[in-house]
Amino acid sequence: MFLVMGITGKVGGATATHLLTQGKKVRALVRDCAKAASWADQGVELVEGDWNDAASIKRALRGVDGAFVMLPPIWAPSPDFREAKGVIANYVEALIEVPVPRVVALSSMGANKTSEMGLITALSLLEQGFRDLNVPIAYARAGGFFENFLYGFQVAQGGTLPVFYDPTHRKSTMVATNDIGAEIASLLSGQAWLGHRFIELGSMVSADEVAAQLGEVMKLDVKAVAVPRADWADTFEQFGIPKGKSGPAETMYEAVNAGAMDIGAVGTEHVPGTTSARDVFAAAQKAATA
């Protein structure tokens, strides 16, 4: 039995799917069992609770062979990242009281840095918070998700894909959430290890390449266009981040553009992606027309 946090999201869902495909039993901590009924229909054991409650996490951890943990994605965190710190403290308390044979934690490329990383700071805090846990832990440092470009279906009809990557030809680490889930499932159910491991997930890809692959699926000539730095705040607001709250997201993309998410940090392993942006776009298009 393996615990999967965030099962209703993309990475948690992909992890659960791969584990179920392997014939493994899966448990999930969910706020609302009714909203996760489709997972129960697939045989997933649902535990109602919240990652903001250490007691809920302890209940979900009891008796499992391994656990996948992650932080809730927050695009407009408090300046002190108190939301992430609270969840991290709950995980630490739970894992000390209910130790499990192995843990895989979703982290990010760049989480090895402790400053000037914007949103990735939350994942750096996660790694730091788990540092003293006497449990085998693998930190899955994922690249930027190809799924984050799905907005292109709406905005690229005129042939341009606005991006925060600048220059657009510069490559950084990107990955499909399906590949992340596959690696997490493999780590949970595969050979045991000792201590803490850091695994970089993804391949070096440019925004130009992503735009071209989107164009192939849309049957258009699509070019990536860097959003001018002065327009970032307004553009993030259009993506749903409240006005005046986009600072962490802006800092993150500045770090990405400066090379902070490049493959090859000291002391890390590397697992390249096998799913392309094209694959992600094609699957999304197929799902939308099904």
# chains A, B, ... in the order shown; residues from 1 in each chain; ligands from 1
$ residues_around --residues "A:Pro272" --least-positions-apart "6" --cutoff "9 Å" --atoms "only C-alpha atoms" --output "PyMOL selection string"
chain A and resi 175+179+200-204
$ residues_around --residues "A:Ala40" --least-positions-apart "4" --cutoff "12 Å" --atoms "only C-alpha atoms" --output "compact mmCIF listing (two decimals) with N, CA and C atoms, in the first residue's frame"
# COMPACT_ATOMS: atom_id res chain seq x y z
N ILE A 7 -3.77 13.49 -5.02
CA ILE A 7 -4.19 12.57 -6.07
C ILE A 7 -5.12 13.22 -7.08
N THR A 8 -5.83 14.28 -6.69
CA THR A 8 -6.73 14.94 -7.64
C THR A 8 -6.00 15.93 -8.53
N ALA A 16 -0.52 7.90 -8.98
CA ALA A 16 -1.49 6.86 -8.62
C ALA A 16 -1.79 5.96 -9.81
N LEU A 20 -1.24 1.97 -9.82
CA LEU A 20 -2.36 1.06 -10.06
C LEU A 20 -2.07 0.16 -11.25
N LYS A 25 -1.50 -1.35 -4.41
CA LYS A 25 -2.61 -0.73 -3.70
C LYS A 25 -2.25 0.71 -3.36
N VAL A 26 -3.23 1.59 -3.48
CA VAL A 26 -2.99 3.02 -3.29
C VAL A 26 -3.97 3.58 -2.27
N ARG A 27 -3.46 4.44 -1.43
CA ARG A 27 -4.27 5.20 -0.48
C ARG A 27 -4.07 6.68 -0.77
N ALA A 28 -5.10 7.48 -0.58
CA ALA A 28 -4.99 8.92 -0.83
C ALA A 28 -5.65 9.70 0.30
N LEU A 29 -5.02 10.78 0.68
CA LEU A 29 -5.60 11.72 1.64
C LEU A 29 -6.31 12.81 0.85
N VAL A 30 -7.62 12.95 1.05
CA VAL A 30 -8.40 13.91 0.27
C VAL A 30 -9.30 14.71 1.19
N ASP A 32 -12.28 15.92 0.27
CA ASP A 32 -13.68 15.59 -0.02
C ASP A 32 -13.70 14.26 -0.77
N CYS A 33 -14.13 13.21 -0.10
CA CYS A 33 -14.14 11.89 -0.73
C CYS A 33 -15.06 11.85 -1.95
N ALA A 34 -16.13 12.65 -1.92
CA ALA A 34 -17.05 12.66 -3.05
C ALA A 34 -16.37 13.15 -4.32
N LYS A 35 -15.49 14.14 -4.17
CA LYS A 35 -14.81 14.69 -5.33
C LYS A 35 -13.72 13.76 -5.87
N ALA A 36 -13.35 12.78 -5.06
CA ALA A 36 -12.34 11.80 -5.49
C ALA A 36 -12.98 10.43 -5.74
N VAL A 44 -8.81 2.82 -5.10
CA VAL A 44 -8.00 3.62 -4.18
C VAL A 44 -8.72 3.77 -2.85
N GLU A 45 -8.01 3.55 -1.77
CA GLU A 45 -8.55 3.76 -0.43
C GLU A 45 -8.46 5.25 -0.09
N LEU A 46 -9.59 5.87 0.17
CA LEU A 46 -9.62 7.30 0.45
C LEU A 46 -9.67 7.54 1.96
N VAL A 47 -8.80 8.42 2.41
CA VAL A 47 -8.79 8.86 3.80
C VAL A 47 -9.14 10.34 3.80
$ residues_around --residues "A:Val280" --least-positions-apart "6" --cutoff "8 Å" --atoms "only C-alpha atoms" --output "list of chain:residue names"
A:Phe146, A:Glu147, A:Ala176
$ write_last_selection --atoms "C-alpha atoms" --output "mmCIF file, in the first residue's frame"
data_model
loop_
_atom_site.group_PDB
_atom_site.id
_atom_site.type_symbol
_atom_site.label_atom_id
_atom_site.label_comp_id
_atom_site.auth_asym_id
_atom_site.auth_seq_id
_atom_site.Cartn_x
_atom_site.Cartn_y
_atom_site.Cartn_z
ATOM 1 C CA PHE A 146 4.809 21.069 -20.241
ATOM 2 C CA GLU A 147 1.198 21.232 -19.059
ATOM 3 C CA ALA A 176 5.602 16.124 -18.567
#
$ closest_residue --among "A:Thr251, A:Asn148, A:Ser189, A:Ser172" --to "A:Gly23" --atoms "only C-alpha atoms"
A:Ser189
$ select_by_dssp --residues "stretch 31-256 of chain A" --states "strand (DSSP E)" --output "VMD selection string"
chain A and resid 45 to 48 66 to 69 103 to 108 137 to 142 144 to 145 160 to 163 171 to 175 196 to 201 203 to 206 223 to 226
$ write_last_selection --atoms "C-alpha atoms" --output "compact mmCIF listing (two decimals), in the first residue's frame"
# COMPACT_ATOMS: atom_id res chain seq x y z
CA GLU A 45 -8.55 3.76 -0.43
CA LEU A 46 -9.62 7.30 0.45
CA VAL A 47 -8.79 8.86 3.80
CA GLU A 48 -10.63 12.09 4.45
CA GLY A 66 5.92 4.22 1.06
CA ALA A 67 4.53 7.71 0.63
CA PHE A 68 4.52 10.39 -2.03
CA VAL A 69 4.28 13.86 -0.50
CA VAL A 103 9.29 8.75 1.00
CA VAL A 104 9.32 10.49 -2.35
CA ALA A 105 8.86 14.26 -2.17
CA LEU A 106 7.97 16.42 -5.15
CA SER A 107 10.54 19.17 -5.37
CA SER A 108 11.80 21.36 -8.19
CA ILE A 137 13.77 10.12 1.04
CA ALA A 138 14.05 10.82 -2.67
CA TYR A 139 13.50 14.42 -3.75
CA ALA A 140 12.08 14.50 -7.26
CA ARG A 141 13.38 17.82 -8.56
CA ALA A 142 11.10 18.27 -11.55
CA GLY A 144 8.86 23.12 -15.55
CA PHE A 145 5.70 21.28 -16.56
CA THR A 160 2.33 33.54 -31.28
CA LEU A 161 2.81 31.95 -27.86
CA PRO A 162 3.63 34.54 -25.16
CA VAL A 163 6.11 33.15 -22.62
CA LYS A 171 16.90 25.83 -22.91
CA SER A 172 15.86 24.98 -19.36
CA THR A 173 14.63 21.78 -17.75
CA MET A 174 11.07 20.83 -18.68
CA VAL A 175 9.07 17.64 -18.17
CA HIS A 196 18.43 11.03 0.95
CA ARG A 197 18.61 11.18 -2.88
CA PHE A 198 18.16 14.15 -5.20
CA ILE A 199 16.86 13.32 -8.68
CA GLU A 200 16.56 15.85 -11.49
CA LEU A 201 13.61 15.02 -13.75
CA SER A 203 15.26 17.37 -20.33
CA MET A 204 16.64 20.69 -21.56
CA VAL A 205 14.03 22.25 -23.85
CA SER A 206 13.49 25.80 -25.14
CA LYS A 223 6.37 31.15 -32.55
CA ALA A 224 7.31 31.80 -28.93
CA VAL A 225 7.43 35.50 -28.04
CA ALA A 226 8.97 36.70 -24.77
$ residues_around --residues "A:Leu71" --least-positions-apart "4" --cutoff "8 Å" --atoms "only C-alpha atoms" --output "JSON, numbers by chain"
{"A": [84, 87, 88, 106, 123]}
